[in-house]
Amino acid sequence: MNEAGLSLAGMLQAGERLDDLLTHNLRIIQSPEVFSFSLDAVLLARFAGVPPRGRILDLCTGNGVIPMLLTTRTESSIDGVEIQPRLADMARRSVELNGLTDKINIIEGDLREWKTDGDLYDAITVNPPYLPLQSGDYKENHHQAMARHEIGCKLEDVVAACAKSVRIGGRVSMVHRPSRLVDIIDLMRRYRLEPKRIRFVHPRKEAEANMVLIEGTRDGKPEVRLLPPVIVYEDNGEYTPELLAVFYGEASELPDFKRQNGRAPVAKAKSDGEEAGK
């Protein structure tokens, strides 16, 4: 047994491996047969607005990667809800392995039937299935298909579950595909989650965005900020410094580019000499 949690003895099952989360000595149990987290989960965990203390809910938690990464940013208690029994079991074992059972509680459940016990949550994160069922045939196994396709829940189910679980003024943060952004904004407003921050993720600076991070506030006033894009790869194919800082724990969150004095930056007026030299 080590200081971070339990030893590996008896923790891994057939077909599973132990991966390093590259920050705070965190490790996670994964299996290519079931589910492995990807960049979208890491970016969501670093983008989401979370309180220093309070209650956080992570829906569609998968193998628990987002709750574990969030523990590096907050002292809040975190509930993770996952519909697939095998994934929920993997998440519980990862939490136990890292000695985080006092901070993270993994719950096997269907978000469509989810009802919180006690107070509403201060913040909610969710990395839902991206693909509608009519998007074509899927050839993955059942676990992978559930993670990628709207089999266990549709986008409206996700937004509705967030809306009924977050307190007034609380934040809901989601990662999804840009092609669904109009649907996401429409549903968020229907369920009284006012979009506040949007940030697109591009594989390269000249490439179209392939992810969008969006955060809304329950019963917030209408005003949305479009943050600078996240660029994943440099021209040489290596990760950008921003991504490397996030991966290796040097940056606990993506820069938020907060406004000065609560106002948008104002362009500096040019002097007469600058005008003449145009």
# chains A, B, ... in the order shown; residues from 1 in each chain; ligands from 1
>>> residues_around(residues="region 202-208 of chain A", least_positions_apart="5", cutoff="9 Å", atoms="only C-alpha atoms", output="mmCIF file with C-alpha atoms, in the first residue's frame")
data_model
loop_
_atom_site.group_PDB
_atom_site.id
_atom_site.type_symbol
_atom_site.label_atom_id
_atom_site.label_comp_id
_atom_site.auth_asym_id
_atom_site.auth_seq_id
_atom_site.Cartn_x
_atom_site.Cartn_y
_atom_site.Cartn_z
ATOM 1 C CA PRO A 229 -9.728 29.259 -29.366
ATOM 2 C CA VAL A 230 -7.758 26.341 -27.990
ATOM 3 C CA ILE A 231 -5.220 25.107 -30.541
ATOM 4 C CA VAL A 232 -4.121 21.510 -29.964
ATOM 5 C CA TYR A 233 -1.157 21.005 -32.326
ATOM 6 C CA GLU A 234 1.676 23.204 -33.561
ATOM 7 C CA ASP A 235 2.596 23.230 -37.254
ATOM 8 C CA GLY A 237 2.656 18.205 -35.097
#
>>> residues_around(residues="Val166 (chain A)", least_positions_apart="5", cutoff="12 Å", atoms="only C-alpha atoms", output="PDB file with N, CA, C and O atoms, in the first residue's frame")
ATOM      1  N   GLY A  54     -17.768  23.112  -2.040  1.00  0.00           N
ATOM      2  CA  GLY A  54     -19.180  22.985  -2.365  1.00  0.00           C
ATOM      3  C   GLY A  54     -19.499  21.589  -2.860  1.00  0.00           C
ATOM      4  O   GLY A  54     -18.873  20.608  -2.437  1.00  0.00           O
ATOM      5  N   ARG A  55     -20.468  21.508  -3.783  1.00  0.00           N
ATOM      6  CA  ARG A  55     -20.890  20.217  -4.337  1.00  0.00           C
ATOM      7  C   ARG A  55     -20.846  20.276  -5.851  1.00  0.00           C
ATOM      8  O   ARG A  55     -21.366  21.209  -6.470  1.00  0.00           O
ATOM      9  N   ILE A  56     -20.222  19.267  -6.450  1.00  0.00           N
ATOM     10  CA  ILE A  56     -20.093  19.181  -7.900  1.00  0.00           C
ATOM     11  C   ILE A  56     -20.664  17.842  -8.356  1.00  0.00           C
ATOM     12  O   ILE A  56     -20.487  16.815  -7.692  1.00  0.00           O
ATOM     13  N   LEU A  57     -21.337  17.864  -9.508  1.00  0.00           N
ATOM     14  CA  LEU A  57     -21.883  16.650 -10.115  1.00  0.00           C
ATOM     15  C   LEU A  57     -21.273  16.478 -11.495  1.00  0.00           C
ATOM     16  O   LEU A  57     -21.220  17.424 -12.285  1.00  0.00           O
ATOM     17  N   ASP A  58     -20.786  15.282 -11.795  1.00  0.00           N
ATOM     18  CA  ASP A  58     -20.292  14.952 -13.125  1.00  0.00           C
ATOM     19  C   ASP A  58     -21.189  13.874 -13.715  1.00  0.00           C
ATOM     20  O   ASP A  58     -21.190  12.733 -13.243  1.00  0.00           O
ATOM     21  N   LEU A  59     -21.967  14.240 -14.730  1.00  0.00           N
ATOM     22  CA  LEU A  59     -22.847  13.287 -15.402  1.00  0.00           C
ATOM     23  C   LEU A  59     -22.098  12.610 -16.552  1.00  0.00           C
ATOM     24  O   LEU A  59     -21.173  13.176 -17.119  1.00  0.00           O
ATOM     25  N   LYS A 115     -32.106  11.889  -9.313  1.00  0.00           N
ATOM     26  CA  LYS A 115     -32.618  12.856  -8.351  1.00  0.00           C
ATOM     27  C   LYS A 115     -31.568  13.020  -7.269  1.00  0.00           C
ATOM     28  O   LYS A 115     -31.126  12.041  -6.668  1.00  0.00           O
ATOM     29  N   THR A 116     -31.182  14.254  -7.051  1.00  0.00           N
ATOM     30  CA  THR A 116     -30.144  14.502  -6.067  1.00  0.00           C
ATOM     31  C   THR A 116     -30.661  14.310  -4.654  1.00  0.00           C
ATOM     32  O   THR A 116     -31.821  14.603  -4.359  1.00  0.00           O
ATOM     33  N   GLY A 118     -30.401  15.690  -1.021  1.00  0.00           N
ATOM     34  CA  GLY A 118     -29.948  16.883  -0.327  1.00  0.00           C
ATOM     35  C   GLY A 118     -29.962  18.107  -1.215  1.00  0.00           C
ATOM     36  O   GLY A 118     -30.801  18.256  -2.108  1.00  0.00           O
ATOM     37  N   ASP A 119     -28.999  19.009  -0.978  1.00  0.00           N
ATOM     38  CA  ASP A 119     -28.955  20.281  -1.677  1.00  0.00           C
ATOM     39  C   ASP A 119     -28.623  20.096  -3.153  1.00  0.00           C
ATOM     40  O   ASP A 119     -28.023  19.098  -3.564  1.00  0.00           O
ATOM     41  N   LEU A 120     -29.007  21.102  -3.940  1.00  0.00           N
ATOM     42  CA  LEU A 120     -28.628  21.116  -5.348  1.00  0.00           C
ATOM     43  C   LEU A 120     -27.126  21.389  -5.472  1.00  0.00           C
ATOM     44  O   LEU A 120     -26.472  21.828  -4.522  1.00  0.00           O
ATOM     45  N   TYR A 121     -26.597  21.144  -6.641  1.00  0.00           N
ATOM     46  CA  TYR A 121     -25.152  21.256  -6.865  1.00  0.00           C
ATOM     47  C   TYR A 121     -24.748  22.676  -7.233  1.00  0.00           C
ATOM     48  O   TYR A 121     -25.498  23.412  -7.875  1.00  0.00           O
ATOM     49  N   ASP A 122     -23.519  23.026  -6.853  1.00  0.00           N
ATOM     50  CA  ASP A 122     -22.960  24.330  -7.201  1.00  0.00           C
ATOM     51  C   ASP A 122     -22.451  24.350  -8.642  1.00  0.00           C
ATOM     52  O   ASP A 122     -22.423  25.406  -9.276  1.00  0.00           O
ATOM     53  N   ALA A 123     -22.024  23.210  -9.140  1.00  0.00           N
ATOM     54  CA  ALA A 123     -21.502  23.123 -10.502  1.00  0.00           C
ATOM     55  C   ALA A 123     -21.736  21.715 -11.031  1.00  0.00           C
ATOM     56  O   ALA A 123     -21.713  20.737 -10.278  1.00  0.00           O
ATOM     57  N   ILE A 124     -21.927  21.623 -12.347  1.00  0.00           N
ATOM     58  CA  ILE A 124     -22.126  20.333 -13.015  1.00  0.00           C
ATOM     59  C   ILE A 124     -21.254  20.299 -14.263  1.00  0.00           C
ATOM     60  O   ILE A 124     -21.169  21.287 -15.000  1.00  0.00           O
ATOM     61  N   THR A 125     -20.609  19.185 -14.477  1.00  0.00           N
ATOM     62  CA  THR A 125     -19.864  18.944 -15.712  1.00  0.00           C
ATOM     63  C   THR A 125     -20.476  17.747 -16.420  1.00  0.00           C
ATOM     64  O   THR A 125     -20.999  16.828 -15.776  1.00  0.00           O
ATOM     65  N   VAL A 159     -29.380  17.981 -20.808  1.00  0.00           N
ATOM     66  CA  VAL A 159     -29.623  19.356 -20.378  1.00  0.00           C
ATOM     67  C   VAL A 159     -30.685  19.401 -19.280  1.00  0.00           C
ATOM     68  O   VAL A 159     -30.548  20.133 -18.294  1.00  0.00           O
ATOM     69  N   ALA A 160     -31.740  18.606 -19.432  1.00  0.00           N
ATOM     70  CA  ALA A 160     -32.801  18.572 -18.418  1.00  0.00           C
ATOM     71  C   ALA A 160     -32.263  18.083 -17.082  1.00  0.00           C
ATOM     72  O   ALA A 160     -32.609  18.625 -16.014  1.00  0.00           O
ATOM     73  N   ALA A 161     -31.411  17.058 -17.095  1.00  0.00           N
ATOM     74  CA  ALA A 161     -30.848  16.531 -15.856  1.00  0.00           C
ATOM     75  C   ALA A 161     -29.959  17.576 -15.179  1.00  0.00           C
ATOM     76  O   ALA A 161     -29.963  17.713 -13.950  1.00  0.00           O
ATOM     77  N   ARG A 171     -23.248  26.673 -12.101  1.00  0.00           N
ATOM     78  CA  ARG A 171     -22.714  26.556 -13.453  1.00  0.00           C
ATOM     79  C   ARG A 171     -22.862  25.138 -14.004  1.00  0.00           C
ATOM     80  O   ARG A 171     -22.698  24.158 -13.277  1.00  0.00           O
ATOM     81  N   VAL A 172     -23.145  25.067 -15.295  1.00  0.00           N
ATOM     82  CA  VAL A 172     -23.181  23.798 -16.018  1.00  0.00           C
ATOM     83  C   VAL A 172     -22.214  23.899 -17.179  1.00  0.00           C
ATOM     84  O   VAL A 172     -22.334  24.790 -18.028  1.00  0.00           O
ATOM     85  N   SER A 173     -21.231  22.998 -17.221  1.00  0.00           N
ATOM     86  CA  SER A 173     -20.204  23.018 -18.259  1.00  0.00           C
ATOM     87  C   SER A 173     -20.252  21.732 -19.069  1.00  0.00           C
ATOM     88  O   SER A 173     -20.362  20.639 -18.503  1.00  0.00           O
ATOM     89  N   TYR A 191     -34.231  25.366 -20.778  1.00  0.00           N
ATOM     90  CA  TYR A 191     -34.177  24.842 -19.418  1.00  0.00           C
ATOM     91  C   TYR A 191     -33.523  25.830 -18.443  1.00  0.00           C
ATOM     92  O   TYR A 191     -33.026  25.436 -17.400  1.00  0.00           O
ATOM     93  N   ARG A 192     -33.534  27.121 -18.819  1.00  0.00           N
ATOM     94  CA  ARG A 192     -33.110  28.205 -17.937  1.00  0.00           C
ATOM     95  C   ARG A 192     -31.634  28.125 -17.550  1.00  0.00           C
ATOM     96  O   ARG A 192     -31.235  28.500 -16.448  1.00  0.00           O
ATOM     97  N   LEU A 193     -30.819  27.629 -18.465  1.00  0.00           N
ATOM     98  CA  LEU A 193     -29.376  27.639 -18.298  1.00  0.00           C
ATOM     99  C   LEU A 193     -28.818  28.630 -19.314  1.00  0.00           C
ATOM    100  O   LEU A 193     -28.715  28.317 -20.503  1.00  0.00           O
ATOM    101  N   GLY A 216     -22.949  27.399 -18.952  1.00  0.00           N
ATOM    102  CA  GLY A 216     -24.119  28.218 -18.697  1.00  0.00           C
ATOM    103  C   GLY A 216     -24.377  28.349 -17.209  1.00  0.00           C
ATOM    104  O   GLY A 216     -23.892  27.549 -16.406  1.00  0.00           O
ATOM    105  N   THR A 217     -25.148  29.364 -16.847  1.00  0.00           N
ATOM    106  CA  THR A 217     -25.499  29.630 -15.457  1.00  0.00           C
ATOM    107  C   THR A 217     -27.004  29.522 -15.276  1.00  0.00           C
ATOM    108  O   THR A 217     -27.773  30.049 -16.085  1.00  0.00           O
ATOM    109  N   ARG A 218     -27.428  28.836 -14.235  1.00  0.00           N
ATOM    110  CA  ARG A 218     -28.853  28.679 -13.968  1.00  0.00           C
ATOM    111  C   ARG A 218     -29.473  30.038 -13.652  1.00  0.00           C
ATOM    112  O   ARG A 218     -29.048  30.732 -12.731  1.00  0.00           O
ATOM    113  N   ASP A 219     -30.483  30.422 -14.463  1.00  0.00           N
ATOM    114  CA  ASP A 219     -31.204  31.680 -14.316  1.00  0.00           C
ATOM    115  C   ASP A 219     -30.287  32.896 -14.414  1.00  0.00           C
ATOM    116  O   ASP A 219     -30.534  33.937 -13.790  1.00  0.00           O
TER     117      ASP A 219
END
>>> closest_residue(among="A:Leu26, A:Ile66, A:Glu156, A:Gly99", to="Tyr248 (chain A)", atoms="only C-alpha atoms")
A:Leu26
>>> residues_around(residues="Ile107 (chain A)", least_positions_apart="4", cutoff="9 Å", atoms="only C-alpha atoms", output="list of chain:residue names")
A:Asp79, A:Gly80, A:Val81, A:Glu82, A:Ile83, A:Ala88, A:Arg92
>>> atom_distance(atom1="CA of Gly170 (chain A)", atom2="CA of Lys221 (chain A)")
12.5 Å
>>> select_by_dssp(residues="region 157-250 of chain A", states="helix (DSSP H, G or I)", output="MDAnalysis selection string")
chainID A and resid 157:165 178:190 241:247
>>> atom_distance(atom1="CA of Arg17 (chain A)", atom2="CA of Leu244 (chain A)")
23.3 Å
>>> closest_residue(among="A:Leu187, A:Leu22, A:Ala209, A:Ile104", to="Thr71 (chain A)", atoms="only C-alpha atoms")
A:Ile104
>>> closest_residue(among="A:Asp183, A:Leu44, A:Met90, A:Met11", to="Ser31 (chain A)", atoms="only C-alpha atoms")
A:Met90
>>> select_by_dssp(residues="region 49-274 of chain A", states="strand (DSSP E or B)", output="number ranges by chain")
A: 55-59, 77-82, 104-108, 121-126, 131, 149, 166-176, 193-202, 211-218, 225-226, 230-231, 233, 239, 260, 263
